[in-house]
Amino acid sequence: MAPAIRFALCLLSIVTAFRAADASAAEIARLTPANSDIDVIAIVGPIAPGDGKRFSELAATSSKALVVLNSEGGQATAALEIGRAIRLKGFATTAPGLCASACALIWLSGNPRFIEKGSHIGFHAAYITRNGKLLEKGAGNALIGAYLSQLGYSDRAIVFVTSAPPEGMEWLTTGKARSNGIEFVALEGGNDAAPTPAARPKISSQRYDPISTVTKFYAALSEADGDAAAALVVPSKRGIGAFNEANISRFYADMRQPLTLKSVRRVAAHRVSAEYHYVPSLGRACNGTAEVTTTYQFGRTLIETIRTVGKRC
């Protein structure tokens, strides 16, 4: 399995480098290392509706595979579909970088599961959409609990995952994994502490793209897609107030005219100005301007704060 893991890291870097900047779903790619009977399947980026079907179709012809994950989260329902397909096929999983929220649910399906030195696996209380409708936390956790039970996890592990705080992330360490009966194979010592986000990058970094991230965020708001919007926020602030998946879905679904992004421009190294328009279900049309502060964490551009600087209704 070690050669496959090394190859997985190479594949992950390639997929990340060439991933389209405007991609609205995870990039899913498969390759077979030379002189190996193990396929490597990489899942990079936010998990979106339809990704479960895409993954299943790609994995159907593989008899043995390692699934390498690098995702900030996304739609939990699609993640459960991917996880069931992984367990059915008996694939292994690893997360060499960030694997938060919905992605962490996928990681749990692997047999075996790998934790690496750079693994940042985070659990977050989930809301689930089914047939376009939002299910409250209790119903969502019931579905996640049933999924984990199907995977063979103990009651203690299920409670740990479904009780993850709605404010921020419950980062998995080797100690927490062992104390809650989540078995894994540690590579290079595993991850013994909660991760420390990387420092802000040099502005010349090609991977640091505030404009693209802010544009995707407001596109998710226009679709009332709380999962997609929250996946673009720093993990430590997800689930809190305006960054709560359920709050986003409820507020932006209740519009007579959906939010439309009118312009987005970079005003400073880490700040973007966004102008938008929407019409609430009750009330007059509104035009607003927000100042969005971004940061570079876990190898991606994420939103740190949003401050409204102007609003006319």
# chains A, B, ... in the order shown; residues from 1 in each chain; ligands from 1
call {"tool": "select_by_dssp", "arguments": {"residues": "range 78-288 of chain A", "states": "helix (DSSP H, G or I)", "output": "ChimeraX atom specification"}}
result
/A:78-89,102-107,137-150,155-162,174-179,210-222,226-230,235-237,241-243,245-253
call {"tool": "residues_around", "arguments": {"residues": "Ile121 in chain A", "least_positions_apart": "5", "cutoff": "8 Å", "atoms": "only C-alpha atoms", "output": "PyMOL selection string"}}
result
chain A and resi 95+98-100+104+171-172
call {"tool": "select_by_dssp", "arguments": {"residues": "range 44-167 of chain A", "states": "strand (DSSP E)", "output": "short mmCIF file (atom, residue, chain, number, x, y, z; two decimals) with N, CA and C atoms, in the first residue's frame"}}
result
data_model
loop_
_atom_site.label_atom_id
_atom_site.label_comp_id
_atom_site.auth_asym_id
_atom_site.auth_seq_id
_atom_site.Cartn_x
_atom_site.Cartn_y
_atom_site.Cartn_z
N VAL A 44 -10.97 16.05 -4.76
CA VAL A 44 -10.45 17.36 -4.38
C VAL A 44 -11.54 18.41 -4.50
N ALA A 65 -8.67 -0.06 -4.48
CA ALA A 65 -8.28 1.34 -4.65
C ALA A 65 -8.02 2.01 -3.31
N LEU A 66 -7.20 3.05 -3.38
CA LEU A 66 -6.97 3.97 -2.27
C LEU A 66 -7.61 5.28 -2.66
N VAL A 67 -8.51 5.80 -1.82
CA VAL A 67 -9.19 7.07 -2.08
C VAL A 67 -8.48 8.15 -1.26
N VAL A 68 -7.89 9.11 -1.95
CA VAL A 68 -7.17 10.19 -1.28
C VAL A 68 -8.05 11.44 -1.30
N LEU A 69 -8.24 12.04 -0.13
CA LEU A 69 -9.22 13.11 0.07
C LEU A 69 -8.54 14.43 0.40
N ASN A 70 -8.99 15.48 -0.23
CA ASN A 70 -8.54 16.83 0.09
C ASN A 70 -9.72 17.75 -0.16
N ALA A 92 -9.61 1.67 0.61
CA ALA A 92 -8.95 2.36 1.71
C ALA A 92 -9.10 3.87 1.51
N THR A 93 -8.94 4.66 2.58
CA THR A 93 -9.00 6.11 2.48
C THR A 93 -7.81 6.74 3.20
N THR A 94 -7.41 7.90 2.71
CA THR A 94 -6.38 8.69 3.38
C THR A 94 -6.65 10.15 3.11
N LEU A 98 -6.35 18.75 4.29
CA LEU A 98 -7.61 19.09 4.94
C LEU A 98 -8.71 18.15 4.50
N CYS A 99 -9.46 17.63 5.46
CA CYS A 99 -10.63 16.79 5.18
C CYS A 99 -11.65 17.09 6.27
N ALA A 100 -12.53 18.06 6.00
CA ALA A 100 -13.43 18.55 7.03
C ALA A 100 -14.89 18.27 6.70
N ARG A 113 -8.23 2.95 7.14
CA ARG A 113 -8.15 4.41 7.09
C ARG A 113 -6.73 4.81 7.51
N PHE A 114 -6.17 5.78 6.78
CA PHE A 114 -4.83 6.24 7.10
C PHE A 114 -4.87 7.65 7.66
N ILE A 115 -4.04 7.89 8.67
CA ILE A 115 -3.80 9.24 9.19
C ILE A 115 -2.34 9.55 8.96
N HIS A 120 -5.53 16.76 8.56
CA HIS A 120 -6.38 17.63 9.36
C HIS A 120 -7.82 17.19 9.13
N ILE A 121 -8.30 16.27 9.94
CA ILE A 121 -9.63 15.68 9.77
C ILE A 121 -10.55 16.29 10.81
N GLY A 122 -11.57 17.01 10.35
CA GLY A 122 -12.44 17.74 11.27
C GLY A 122 -13.90 17.38 11.12
N PHE A 123 -14.57 17.17 12.25
CA PHE A 123 -16.01 16.87 12.27
C PHE A 123 -16.79 18.11 12.69
N ILE A 128 -28.56 18.17 6.81
CA ILE A 128 -28.59 17.38 5.58
C ILE A 128 -29.77 17.83 4.73
N THR A 129 -29.52 17.94 3.43
CA THR A 129 -30.60 18.23 2.50
C THR A 129 -31.03 16.93 1.83
N ARG A 130 -32.31 16.74 1.71
CA ARG A 130 -32.86 15.57 1.04
C ARG A 130 -33.97 16.04 0.12
N LYS A 133 -34.78 19.65 0.32
CA LYS A 133 -35.31 20.20 1.57
C LYS A 133 -34.29 19.99 2.69
N LEU A 134 -34.22 21.01 3.55
CA LEU A 134 -33.27 20.98 4.65
C LEU A 134 -33.83 20.19 5.82
N LEU A 135 -33.05 19.24 6.32
CA LEU A 135 -33.43 18.49 7.52
C LEU A 135 -32.72 19.10 8.72
#
call {"tool": "residues_around", "arguments": {"residues": "Glu170 in chain A", "least_positions_apart": "3", "cutoff": "10 Å", "atoms": "only C-alpha atoms", "output": "VMD selection string"}}
result
chain A and resid 100 to 101 121 to 125 160 to 161 163 to 167 173 176 194 235 to 236
call {"tool": "closest_atom_pairs", "arguments": {"of": "range 14-133 of chain A", "to": "range 227-231 of chain A", "cutoff": "6 Å", "atoms": "only C-alpha atoms", "output": "JSON lines"}}
result
{"residue": "A:Glu72", "atom": "CA", "partner": "A:Ala231", "partner_atom": "CA", "distance": 5.5}
{"residue": "A:Gly73", "atom": "CA", "partner": "A:Ala231", "partner_atom": "CA", "distance": 5.3}
{"residue": "A:Gly74", "atom": "CA", "partner": "A:Asp227", "partner_atom": "CA", "distance": 5.0}
{"residue": "A:Gln75", "atom": "CA", "partner": "A:Asp227", "partner_atom": "CA", "distance": 5.4}
call {"tool": "write_last_selection", "arguments": {"atoms": "C-alpha atoms", "output": "PDB file, in the first residue's frame"}}
result
ATOM      1  CA  GLU A  72     -13.124  21.465   2.803  1.00  0.00           C
ATOM      2  CA  GLY A  73     -16.515  19.770   3.088  1.00  0.00           C
ATOM      3  CA  GLY A  74     -19.787  20.244   1.251  1.00  0.00           C
ATOM      4  CA  GLN A  75     -23.060  18.378   0.942  1.00  0.00           C
TER       5      GLN A  75
END
call {"tool": "closest_residue", "arguments": {"among": "A:Phe184, A:Gly118, A:Tyr153, A:Val292", "to": "Phe217 in chain A", "atoms": "only C-alpha atoms"}}
result
A:Val292
call {"tool": "closest_residue", "arguments": {"among": "A:Gly52, A:Gly90, A:Pro46, A:Gly299", "to": "Arg207 in chain A", "atoms": "only C-alpha atoms"}}
result
A:Gly299
call {"tool": "residues_around", "arguments": {"residues": "Thr293 in chain A", "least_positions_apart": "4", "cutoff": "7 Å", "atoms": "only C-alpha atoms", "output": "JSON, numbers by chain"}}
result
{"A": [270, 271, 272, 303, 304, 305, 306]}
call {"tool": "write_last_selection", "arguments": {"atoms": "C-alpha atoms", "output": "short mmCIF file (atom, residue, chain, number, x, y, z; two decimals), in the first residue's frame"}}
result
data_model
loop_
_atom_site.label_atom_id
_atom_site.label_comp_id
_atom_site.auth_asym_id
_atom_site.auth_seq_id
_atom_site.Cartn_x
_atom_site.Cartn_y
_atom_site.Cartn_z
CA HIS A 270 -6.44 39.90 1.53
CA ARG A 271 -9.66 41.90 1.10
CA VAL A 272 -12.29 41.82 -1.63
CA ILE A 303 -13.21 33.40 3.77
CA GLU A 304 -12.32 34.68 7.23
CA THR A 305 -14.74 37.58 7.80
CA ILE A 306 -17.51 39.46 5.97
#
call {"tool": "residues_around", "arguments": {"residues": "Ser149 in chain A", "least_positions_apart": "6", "cutoff": "12 Å", "atoms": "only C-alpha atoms", "output": "list of chain:residue names"}}
result
A:Arg84, A:Leu108, A:Ser109, A:Asn141, A:Ala142, A:Leu143, A:Asp155, A:Arg156, A:Ala157, A:Ile158, A:Val159, A:Val161, A:Thr162
call {"tool": "write_last_selection", "arguments": {"atoms": "N, CA and C atoms", "output": "PDB file, in the first residue's frame"}}
result
ATOM      1  N   ARG A  84     -20.660   5.079   1.256  1.00  0.00           N
ATOM      2  CA  ARG A  84     -21.261   3.746   1.101  1.00  0.00           C
ATOM      3  C   ARG A  84     -20.620   2.994  -0.062  1.00  0.00           C
ATOM      4  N   LEU A 108     -14.157   8.158   7.025  1.00  0.00           N
ATOM      5  CA  LEU A 108     -14.539   7.109   7.975  1.00  0.00           C
ATOM      6  C   LEU A 108     -14.927   5.808   7.288  1.00  0.00           C
ATOM      7  N   SER A 109     -15.265   5.864   6.003  1.00  0.00           N
ATOM      8  CA  SER A 109     -15.737   4.662   5.313  1.00  0.00           C
ATOM      9  C   SER A 109     -14.602   3.756   4.856  1.00  0.00           C
ATOM     10  N   ASN A 141     -28.504  14.144  11.984  1.00  0.00           N
ATOM     11  CA  ASN A 141     -27.652  13.272  12.793  1.00  0.00           C
ATOM     12  C   ASN A 141     -28.172  11.843  12.819  1.00  0.00           C
ATOM     13  N   ALA A 142     -29.498  11.674  12.725  1.00  0.00           N
ATOM     14  CA  ALA A 142     -30.056  10.320  12.681  1.00  0.00           C
ATOM     15  C   ALA A 142     -29.587   9.603  11.418  1.00  0.00           C
ATOM     16  N   LEU A 143     -29.576  10.317  10.283  1.00  0.00           N
ATOM     17  CA  LEU A 143     -29.109   9.708   9.044  1.00  0.00           C
ATOM     18  C   LEU A 143     -27.615   9.399   9.098  1.00  0.00           C
ATOM     19  N   ASP A 155     -21.313   2.622  19.283  1.00  0.00           N
ATOM     20  CA  ASP A 155     -22.140   3.730  19.759  1.00  0.00           C
ATOM     21  C   ASP A 155     -21.267   4.899  20.203  1.00  0.00           C
ATOM     22  N   ARG A 156     -20.132   4.597  20.820  1.00  0.00           N
ATOM     23  CA  ARG A 156     -19.232   5.647  21.301  1.00  0.00           C
ATOM     24  C   ARG A 156     -18.703   6.487  20.137  1.00  0.00           C
ATOM     25  N   ALA A 157     -18.338   5.839  19.040  1.00  0.00           N
ATOM     26  CA  ALA A 157     -17.843   6.556  17.868  1.00  0.00           C
ATOM     27  C   ALA A 157     -18.951   7.388  17.234  1.00  0.00           C
ATOM     28  N   ILE A 158     -20.166   6.824  17.181  1.00  0.00           N
ATOM     29  CA  ILE A 158     -21.294   7.538  16.578  1.00  0.00           C
ATOM     30  C   ILE A 158     -21.609   8.798  17.374  1.00  0.00           C
ATOM     31  N   VAL A 159     -21.599   8.678  18.701  1.00  0.00           N
ATOM     32  CA  VAL A 159     -21.862   9.842  19.552  1.00  0.00           C
ATOM     33  C   VAL A 159     -20.791  10.907  19.334  1.00  0.00           C
ATOM     34  N   VAL A 161     -18.966  11.522  16.648  1.00  0.00           N
ATOM     35  CA  VAL A 161     -19.098  12.182  15.348  1.00  0.00           C
ATOM     36  C   VAL A 161     -20.337  13.069  15.291  1.00  0.00           C
ATOM     37  N   THR A 162     -21.464  12.579  15.763  1.00  0.00           N
ATOM     38  CA  THR A 162     -22.713  13.334  15.643  1.00  0.00           C
ATOM     39  C   THR A 162     -22.855  14.415  16.713  1.00  0.00           C
TER      40      THR A 162
END
call {"tool": "atom_distance", "arguments": {"atom1": "CA of Ala59 in chain A", "atom2": "CA of Glu81 in chain A"}}
result
12.4 Å
call {"tool": "residues_around", "arguments": {"residues": "Arg284 in chain A", "least_positions_apart": "3", "cutoff": "10 Å", "atoms": "only C-alpha atoms", "output": "NGL selection string"}}
result
:A and (256 or 278-281 or 287 or 312-313)
call {"tool": "atom_distance", "arguments": {"atom1": "CA of Glu291 in chain A", "atom2": "CA of Tyr252 in chain A"}}
result
19.0 Å
